[in-house]
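*Asks:* So I've got this file, work36.pdb, and it contains PDB, C-alpha atoms:
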ATOM      1  CA  MET A   1       0.000   0.000   0.000
ATOM      2  CA  GLN A   2       1.275   3.442  -0.805
ATOM      3  CA  ILE A   3       0.254   7.073  -0.932
ATOM      4  CA  TRP A   4       0.218   9.058  -4.180
ATOM      5  CA  VAL A   5       0.041  12.853  -4.058
ATOM      6  CA  ASP A   6      -1.382  15.102  -6.769
ATOM      7  CA  ALA A   7       1.336  17.519  -5.718
ATOM      8  CA  ASP A   8       1.005  20.580  -7.967
ATOM      9  CA  ALA A   9      -1.856  22.062  -5.939
ATOM     10  CA  CYS A  10      -1.297  20.280  -2.623
ATOM     11  CA  PRO A  11      -0.742  22.706   0.277
ATOM     12  CA  GLY A  12       2.770  22.698   1.752
ATOM     13  CA  GLU A  13       1.389  21.950   5.222
ATOM     14  CA  ILE A  14      -0.167  18.740   3.915
ATOM     15  CA  LYS A  15       3.076  17.684   2.210
ATOM     16  CA  GLU A  16       4.940  18.221   5.494
ATOM     17  CA  LEU A  17       2.401  16.034   7.325
ATOM     18  CA  LEU A  18       2.829  13.347   4.680
ATOM     19  CA  TYR A  19       6.653  13.452   4.935
ATOM     20  CA  ARG A  20       6.497  12.921   8.694
ATOM     21  CA  ALA A  21       3.895  10.164   8.379
ATOM     22  CA  ALA A  22       5.949   8.368   5.694
ATOM     23  CA  LYS A  23       8.998   8.217   7.924
ATOM     24  CA  ARG A  24       7.053   7.383  11.096
ATOM     25  CA  THR A  25       5.037   4.548   9.551
ATOM     26  CA  GLN A  26       7.488   3.479   6.823
ATOM     27  CA  THR A  27       4.844   4.080   4.176
ATOM     28  CA  LYS A  28       5.850   4.916   0.607
ATOM     29  CA  VAL A  29       4.742   8.400  -0.513
ATOM     30  CA  THR A  30       5.136   9.481  -4.142
ATOM     31  CA  LEU A  31       4.484  13.085  -5.144
ATOM     32  CA  VAL A  32       3.493  13.535  -8.799
ATOM     33  CA  ALA A  33       3.917  17.009 -10.294
ATOM     34  CA  ASN A  34       4.745  18.841 -13.495
ATOM     35  CA  GLN A  35       7.405  20.929 -11.751
ATOM     36  CA  ALA A  36      10.438  19.894  -9.737
ATOM     37  CA  LEU A  37       9.764  19.448  -6.026
ATOM     38  CA  ARG A  38      12.034  19.614  -3.028
ATOM     39  CA  THR A  39      11.450  16.599  -0.844
ATOM     40  CA  PRO A  40      13.307  15.334   2.214
ATOM     41  CA  ARG A  41      15.770  12.532   1.672
ATOM     42  CA  SER A  42      14.071   9.332   2.676
ATOM     43  CA  GLU A  43      13.691   5.862   1.278
ATOM     44  CA  TYR A  44       9.943   6.341   1.783
ATOM     45  CA  ILE A  45       9.528   9.611  -0.145
ATOM     46  CA  ASP A  46       9.785   9.969  -3.932
ATOM     47  CA  SER A  47       8.777  12.562  -6.469
ATOM     48  CA  LEU A  48       7.795  11.900 -10.037
ATOM     49  CA  LEU A  49       8.146  14.697 -12.587
ATOM     50  CA  VAL A  50       5.662  14.545 -15.465
ATOM     51  CA  PRO A  51       5.442  16.794 -18.545
ATOM     52  CA  SER A  52       3.267  19.902 -18.352
ATOM     53  CA  GLY A  53      -0.195  19.574 -19.795
ATOM     54  CA  MET A  54      -3.812  19.110 -18.932
ATOM     55  CA  ASN A  55      -4.299  16.192 -16.509
ATOM     56  CA  VAL A  56      -0.886  14.621 -17.211
ATOM     57  CA  ALA A  57      -0.190  14.133 -13.499
ATOM     58  CA  ASP A  58      -3.707  12.775 -12.980
ATOM     59  CA  ARG A  59      -3.269  10.212 -15.765
ATOM     60  CA  ARG A  60       0.069   9.061 -14.319
ATOM     61  CA  ILE A  61      -1.498   8.606 -10.896
ATOM     62  CA  VAL A  62      -4.434   6.624 -12.313
ATOM     63  CA  GLU A  63      -2.038   4.410 -14.293
ATOM     64  CA  SER A  64       0.081   3.767 -11.191
ATOM     65  CA  VAL A  65      -2.451   3.390  -8.389
ATOM     66  CA  GLN A  66      -3.112  -0.102  -7.055
ATOM     67  CA  PRO A  67      -6.113  -1.363  -5.069
ATOM     68  CA  GLY A  68      -5.756  -0.228  -1.474
ATOM     69  CA  ASP A  69      -3.551   2.777  -2.288
ATOM     70  CA  LEU A  70      -4.443   6.270  -1.113
ATOM     71  CA  VAL A  71      -4.331   9.327  -3.381
ATOM     72  CA  ILE A  72      -4.166  12.840  -1.942
ATOM     73  CA  THR A  73      -6.052  15.184  -4.268
ATOM     74  CA  ALA A  74      -8.621  17.955  -4.347
ATOM     75  CA  ASP A  75      -9.553  16.861  -7.903
ATOM     76  CA  ILE A  76     -12.874  15.020  -7.628
ATOM     77  CA  PRO A  77     -12.776  13.489 -11.148
ATOM     78  CA  LEU A  78      -9.334  12.066 -10.291
ATOM     79  CA  ALA A  79     -10.706  10.787  -6.986
ATOM     80  CA  ALA A  80     -13.540   9.042  -8.849
ATOM     81  CA  GLU A  81     -11.067   7.305 -11.176
ATOM     82  CA  VAL A  82      -8.919   6.217  -8.229
ATOM     83  CA  VAL A  83     -11.927   4.765  -6.405
ATOM     84  CA  ALA A  84     -12.981   2.931  -9.593
ATOM     85  CA  ARG A  85      -9.524   1.281  -9.580
ATOM     86  CA  GLY A  86      -9.915   0.103  -5.971
ATOM     87  CA  GLY A  87      -8.104   2.906  -4.201
ATOM     88  CA  GLN A  88      -9.257   5.649  -1.900
ATOM     89  CA  ALA A  89      -8.753   9.381  -2.221
ATOM     90  CA  LEU A  90      -8.373  11.995   0.482
ATOM     91  CA  ASN A  91      -8.613  15.691  -0.180
ATOM     92  CA  PRO A  92      -6.378  18.153   1.688
ATOM     93  CA  ARG A  93      -9.365  19.312   3.733
ATOM     94  CA  GLY A  94      -9.876  15.832   5.176
ATOM     95  CA  GLU A  95     -12.723  14.449   3.071
ATOM     96  CA  LEU A  96     -12.203  10.775   2.255
ATOM     97  CA  TYR A  97     -13.630   9.607  -1.068
ATOM     98  CA  SER A  98     -14.787   6.009  -1.329
ATOM     99  CA  GLU A  99     -17.271   3.953  -3.324
ATOM    100  CA  ALA A 100     -19.963   5.105  -0.909
ATOM    101  CA  ASN A 101     -19.662   8.832  -1.621
ATOM    102  CA  VAL A 102     -17.545   9.644  -4.679
ATOM    103  CA  GLY A 103     -20.421   9.438  -7.177
ATOM    104  CA  GLU A 104     -22.446  11.996  -5.233
ATOM    105  CA  ARG A 105     -19.421  14.277  -4.788
ATOM    106  CA  LEU A 106     -18.704  14.117  -8.526
ATOM    107  CA  ALA A 107     -22.327  14.976  -9.381
ATOM    108  CA  VAL A 108     -22.278  17.970  -7.004
ATOM    109  CA  ARG A 109     -18.925  19.111  -8.440
ATOM    110  CA  ASN A 110     -20.305  18.926 -11.979
ATOM    111  CA  LEU A 111     -23.431  20.881 -10.993
ATOM    112  CA  VAL A 112     -21.404  23.605  -9.268
ATOM    113  CA  ASP A 113     -19.050  23.761 -12.256
ATOM    114  CA  GLU A 114     -22.045  24.219 -14.566
ATOM    115  CA  LEU A 115     -23.554  26.929 -12.339
ATOM    116  CA  ARG A 116     -20.189  28.690 -12.079
ATOM    117  CA  GLY A 117     -19.848  28.570 -15.882
ATOM    118  CA  GLY A 118     -23.269  30.204 -16.188
ATOM    119  CA  GLY A 119     -22.296  32.968 -13.753
ATOM    120  CA  GLN A 120     -24.796  31.839 -11.116
ATOM    121  CA  ILE A 121     -22.040  31.052  -8.608
ATOM    122  CA  THR A 122     -18.949  33.159  -8.159
ATOM    123  CA  GLY A 123     -15.912  32.634  -5.976
ATOM    124  CA  GLY A 124     -14.211  29.464  -4.943
ATOM    125  CA  PRO A 125     -13.523  27.445  -1.834
ATOM    126  CA  SER A 126     -12.640  29.107   1.460
ATOM    127  CA  ASN A 127      -9.013  29.507   2.506
ATOM    128  CA  PHE A 128      -7.215  26.450   3.862
ATOM    129  CA  SER A 129      -7.484  26.488   7.671
ATOM    130  CA  ALA A 130      -6.082  24.808  10.772
ATOM    131  CA  LYS A 131      -9.405  22.948  11.028
ATOM    132  CA  ASP A 132      -8.871  21.564   7.499
ATOM    133  CA  ARG A 133      -5.313  20.513   8.390
ATOM    134  CA  GLN A 134      -6.539  18.691  11.505
ATOM    135  CA  ALA A 135      -9.335  16.937   9.604
ATOM    136  CA  PHE A 136      -6.764  15.773   7.044
ATOM    137  CA  ALA A 137      -4.360  14.548   9.738
ATOM    138  CA  ASN A 138      -7.159  12.603  11.451
ATOM    139  CA  GLN A 139      -8.264  10.881   8.224
ATOM    140  CA  LEU A 140      -4.667  10.109   7.258
ATOM    141  CA  ASP A 141      -4.019   8.531  10.661
ATOM    142  CA  ARG A 142      -7.170   6.411  10.318
ATOM    143  CA  TRP A 143      -6.071   5.205   6.880
ATOM    144  CA  LEU A 144      -2.524   4.464   8.037
ATOM    145  CA  THR A 145      -3.780   2.551  11.093
ATOM    146  CA  ALA A 146      -6.197   0.485   8.994
ATOM    147  CA  THR A 147      -3.551  -0.170   6.333
ATOM    148  CA  LYS A 148      -0.904  -1.247   8.822
ATOM    149  CA  GLY A 149      -3.458  -3.526  10.474
ATOM    150  CA  ARG A 150      -4.226  -5.220   7.133
ATOM    151  CA  ALA A 151      -0.512  -5.593   6.375
ATOM    152  CA  GLU A 152       0.100  -7.338   9.719
ATOM    153  CA  ILE A 153      -2.750  -9.775   9.036
ATOM    154  CA  ASN A 154      -1.678 -10.359   5.419
ATOM    155  CA  PRO A 155       2.045  -9.549   4.991
ATOM    156  CA  ARG A 156       1.750  -9.823   1.186
ATOM    157  CA  ALA A 157      -0.798  -6.983   1.037
TER     158      ALA A 157
END
Hey, can you dump this file as structure tokens for me?

*Replies:*
Amino acid sequence: MQIWVDADACPGEIKELLYRAAKRTQTKVTLVANQALRTPRSEYIDSLLVPSGMNVADRRIVESVQPGDLVITADIPLAAEVVARGGQALNPRGELYSEANVGERLAVRNLVDELRGGGQITGGPSNFSAKDRQAFANQLDRWLTATKGRAEINPRA
């Protein structure tokens, strides 16, 4: 099991949390971006540079994700693809996407996008807050605990 990060738009605070969690739990974290990233030296932390272009990083993540992996992304269409491949997705504000909720979240996203395109909704999401950071940390810890528990039961997982 590993964590993939849609890193171009991921807040720095979230990356720092992921770096610490990777080292603490010996979990592989791979950041995928279309620009070079500075990451700490660790056998558990990698970065993958992809060419610039629309959804290039997303496509690489979808191609690479395995069932049981976690993807960190605020991109709901990417989250839906990850869930369809047997993974889970967690957005930087702490919302975990799974089979149970990703379809609804995608439908709401598409509706809001349509309303925004028609000028009926203006503005975007609120600023990233300490509450968001804590919600993310809590969900990440839950996923790591569950994953480590499965790995102890089935070492080949």

*Asks:* Looking at only C-alpha atoms, which of A:Arg59, A:Arg20, A:Gly103, A:Met54 is the one that sits closest to Arg41 in chain A?

*Replies:*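 The answer is A:Arg20, which sits nearest to Arg41 in chain A.
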
*Asks:* Please list as a ChimeraX atom specification every residue within 10 Å of range 43-48 of chain A, counting only C-alpha atoms and excluding residues in the same chain fewer than 3 positions away.

*Replies:* /A:2-5,7,18-40,57,60-61

*Asks:* Using all atoms listed in the file, which residues sit within 10 Å of Ala84 in chain A once same-chain residues fewer than 5 positions away are excluded, as a count of residues only?

*Replies:* 7

*Asks:* Output the residue selection produced by the PyMOL selection byres ((chain A and resi 125-139) around 7) on the file above, formatted as JSON, numbers by chain.

*Replies:* {"A": [92, 93, 94, 124, 140, 141, 142, 143]}

*Asks:* Could you state the separation of CA of Ser64 in chain A and CA of Leu144 in chain A in Å, given to one decimal place?

*Replies:*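 It comes out at 19.4 Å.
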
*Asks:* State, in Å with one decimal place, the distance from CA of Asp113 in chain A to CA of Val65 in chain A.

*Replies:*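 These atoms are spaced 26.6 Å apart.
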
*Asks:* Taking the partial coordinates given, rebuild range 20-45 of chain A to contain N, CA, C and O atoms; return it as a PDB file, in the coordinates of the input.

*Replies:*
ATOM      1  N   ARG A  20       6.324  13.466   7.329  1.00  0.00           N
ATOM      2  CA  ARG A  20       6.497  12.921   8.694  1.00  0.00           C
ATOM      3  C   ARG A  20       5.819  11.563   8.844  1.00  0.00           C
ATOM      4  O   ARG A  20       6.378  10.640   9.440  1.00  0.00           O
ATOM      5  N   ALA A  21       4.632  11.434   8.286  1.00  0.00           N
ATOM      6  CA  ALA A  21       3.895  10.164   8.379  1.00  0.00           C
ATOM      7  C   ALA A  21       4.627   9.055   7.630  1.00  0.00           C
ATOM      8  O   ALA A  21       4.678   7.909   8.098  1.00  0.00           O
ATOM      9  N   ALA A  22       5.219   9.373   6.478  1.00  0.00           N
ATOM     10  CA  ALA A  22       5.949   8.368   5.694  1.00  0.00           C
ATOM     11  C   ALA A  22       7.098   7.795   6.508  1.00  0.00           C
ATOM     12  O   ALA A  22       7.283   6.570   6.570  1.00  0.00           O
ATOM     13  N   LYS A  23       7.855   8.668   7.128  1.00  0.00           N
ATOM     14  CA  LYS A  23       8.998   8.217   7.924  1.00  0.00           C
ATOM     15  C   LYS A  23       8.542   7.451   9.162  1.00  0.00           C
ATOM     16  O   LYS A  23       9.098   6.409   9.492  1.00  0.00           O
ATOM     17  N   ARG A  24       7.533   7.986   9.848  1.00  0.00           N
ATOM     18  CA  ARG A  24       7.053   7.383  11.096  1.00  0.00           C
ATOM     19  C   ARG A  24       6.484   5.979  10.869  1.00  0.00           C
ATOM     20  O   ARG A  24       6.727   5.072  11.652  1.00  0.00           O
ATOM     21  N   THR A  25       5.736   5.818   9.778  1.00  0.00           N
ATOM     22  CA  THR A  25       5.037   4.548   9.551  1.00  0.00           C
ATOM     23  C   THR A  25       5.689   3.685   8.474  1.00  0.00           C
ATOM     24  O   THR A  25       5.190   2.621   8.163  1.00  0.00           O
ATOM     25  N   GLN A  26       6.787   4.184   7.897  1.00  0.00           N
ATOM     26  CA  GLN A  26       7.488   3.479   6.823  1.00  0.00           C
ATOM     27  C   GLN A  26       6.545   3.157   5.662  1.00  0.00           C
ATOM     28  O   GLN A  26       6.508   2.047   5.142  1.00  0.00           O
ATOM     29  N   THR A  27       5.798   4.177   5.276  1.00  0.00           N
ATOM     30  CA  THR A  27       4.844   4.080   4.176  1.00  0.00           C
ATOM     31  C   THR A  27       5.383   4.869   2.992  1.00  0.00           C
ATOM     32  O   THR A  27       5.800   6.010   3.138  1.00  0.00           O
ATOM     33  N   LYS A  28       5.361   4.276   1.831  1.00  0.00           N
ATOM     34  CA  LYS A  28       5.850   4.916   0.607  1.00  0.00           C
ATOM     35  C   LYS A  28       4.908   6.044   0.200  1.00  0.00           C
ATOM     36  O   LYS A  28       3.692   5.849   0.094  1.00  0.00           O
ATOM     37  N   VAL A  29       5.476   7.229  -0.037  1.00  0.00           N
ATOM     38  CA  VAL A  29       4.742   8.400  -0.513  1.00  0.00           C
ATOM     39  C   VAL A  29       5.405   8.868  -1.803  1.00  0.00           C
ATOM     40  O   VAL A  29       6.614   9.104  -1.824  1.00  0.00           O
ATOM     41  N   THR A  30       4.623   8.992  -2.868  1.00  0.00           N
ATOM     42  CA  THR A  30       5.136   9.481  -4.142  1.00  0.00           C
ATOM     43  C   THR A  30       4.354  10.726  -4.538  1.00  0.00           C
ATOM     44  O   THR A  30       3.134  10.678  -4.676  1.00  0.00           O
ATOM     45  N   LEU A  31       5.084  11.828  -4.715  1.00  0.00           N
ATOM     46  CA  LEU A  31       4.484  13.085  -5.144  1.00  0.00           C
ATOM     47  C   LEU A  31       4.613  13.186  -6.659  1.00  0.00           C
ATOM     48  O   LEU A  31       5.707  13.013  -7.194  1.00  0.00           O
ATOM     49  N   VAL A  32       3.508  13.437  -7.344  1.00  0.00           N
ATOM     50  CA  VAL A  32       3.493  13.535  -8.799  1.00  0.00           C
ATOM     51  C   VAL A  32       3.183  14.988  -9.156  1.00  0.00           C
ATOM     52  O   VAL A  32       2.176  15.543  -8.709  1.00  0.00           O
ATOM     53  N   ALA A  33       4.081  15.598  -9.955  1.00  0.00           N
ATOM     54  CA  ALA A  33       3.917  17.009 -10.294  1.00  0.00           C
ATOM     55  C   ALA A  33       4.543  17.300 -11.647  1.00  0.00           C
ATOM     56  O   ALA A  33       5.384  16.541 -12.128  1.00  0.00           O
ATOM     57  N   ASN A  34       4.145  18.440 -12.220  1.00  0.00           N
ATOM     58  CA  ASN A  34       4.745  18.841 -13.495  1.00  0.00           C
ATOM     59  C   ASN A  34       5.818  19.906 -13.292  1.00  0.00           C
ATOM     60  O   ASN A  34       6.220  20.572 -14.229  1.00  0.00           O
ATOM     61  N   GLN A  35       6.275  20.058 -12.067  1.00  0.00           N
ATOM     62  CA  GLN A  35       7.405  20.929 -11.751  1.00  0.00           C
ATOM     63  C   GLN A  35       8.255  20.236 -10.689  1.00  0.00           C
ATOM     64  O   GLN A  35       7.744  19.432  -9.916  1.00  0.00           O
ATOM     65  N   ALA A  36       9.525  20.533 -10.693  1.00  0.00           N
ATOM     66  CA  ALA A  36      10.438  19.894  -9.737  1.00  0.00           C
ATOM     67  C   ALA A  36      10.039  20.252  -8.311  1.00  0.00           C
ATOM     68  O   ALA A  36       9.642  21.385  -8.034  1.00  0.00           O
ATOM     69  N   LEU A  37      10.125  19.260  -7.428  1.00  0.00           N
ATOM     70  CA  LEU A  37       9.764  19.448  -6.026  1.00  0.00           C
ATOM     71  C   LEU A  37      10.962  19.178  -5.132  1.00  0.00           C
ATOM     72  O   LEU A  37      11.772  18.295  -5.428  1.00  0.00           O
ATOM     73  N   ARG A  38      11.036  19.905  -4.051  1.00  0.00           N
ATOM     74  CA  ARG A  38      12.034  19.614  -3.028  1.00  0.00           C
ATOM     75  C   ARG A  38      11.384  18.691  -2.010  1.00  0.00           C
ATOM     76  O   ARG A  38      10.347  19.032  -1.439  1.00  0.00           O
ATOM     77  N   THR A  39      11.970  17.543  -1.826  1.00  0.00           N
ATOM     78  CA  THR A  39      11.450  16.599  -0.844  1.00  0.00           C
ATOM     79  C   THR A  39      12.586  16.182   0.076  1.00  0.00           C
ATOM     80  O   THR A  39      13.754  16.179  -0.322  1.00  0.00           O
ATOM     81  N   PRO A  40      12.260  15.809   1.306  1.00  0.00           N
ATOM     82  CA  PRO A  40      13.307  15.334   2.214  1.00  0.00           C
ATOM     83  C   PRO A  40      13.908  14.029   1.708  1.00  0.00           C
ATOM     84  O   PRO A  40      13.227  13.248   1.031  1.00  0.00           O
ATOM     85  N   ARG A  41      15.142  13.801   2.036  1.00  0.00           N
ATOM     86  CA  ARG A  41      15.770  12.532   1.672  1.00  0.00           C
ATOM     87  C   ARG A  41      15.219  11.440   2.577  1.00  0.00           C
ATOM     88  O   ARG A  41      15.340  11.513   3.798  1.00  0.00           O
ATOM     89  N   SER A  42      14.641  10.458   1.944  1.00  0.00           N
ATOM     90  CA  SER A  42      14.071   9.332   2.676  1.00  0.00           C
ATOM     91  C   SER A  42      13.804   8.208   1.691  1.00  0.00           C
ATOM     92  O   SER A  42      13.400   8.457   0.557  1.00  0.00           O
ATOM     93  N   GLU A  43      14.012   6.995   2.142  1.00  0.00           N
ATOM     94  CA  GLU A  43      13.691   5.862   1.278  1.00  0.00           C
ATOM     95  C   GLU A  43      12.185   5.716   1.082  1.00  0.00           C
ATOM     96  O   GLU A  43      11.739   4.964   0.220  1.00  0.00           O
ATOM     97  N   TYR A  44      11.402   6.452   1.861  1.00  0.00           N
ATOM     98  CA  TYR A  44       9.943   6.341   1.783  1.00  0.00           C
ATOM     99  C   TYR A  44       9.294   7.469   0.992  1.00  0.00           C
ATOM    100  O   TYR A  44       8.087   7.466   0.793  1.00  0.00           O
ATOM    101  N   ILE A  45      10.087   8.456   0.545  1.00  0.00           N
ATOM    102  CA  ILE A  45       9.528   9.611  -0.145  1.00  0.00           C
ATOM    103  C   ILE A  45      10.178   9.752  -1.517  1.00  0.00           C
ATOM    104  O   ILE A  45      11.391   9.816  -1.630  1.00  0.00           O
TER     105      ILE A  45
END
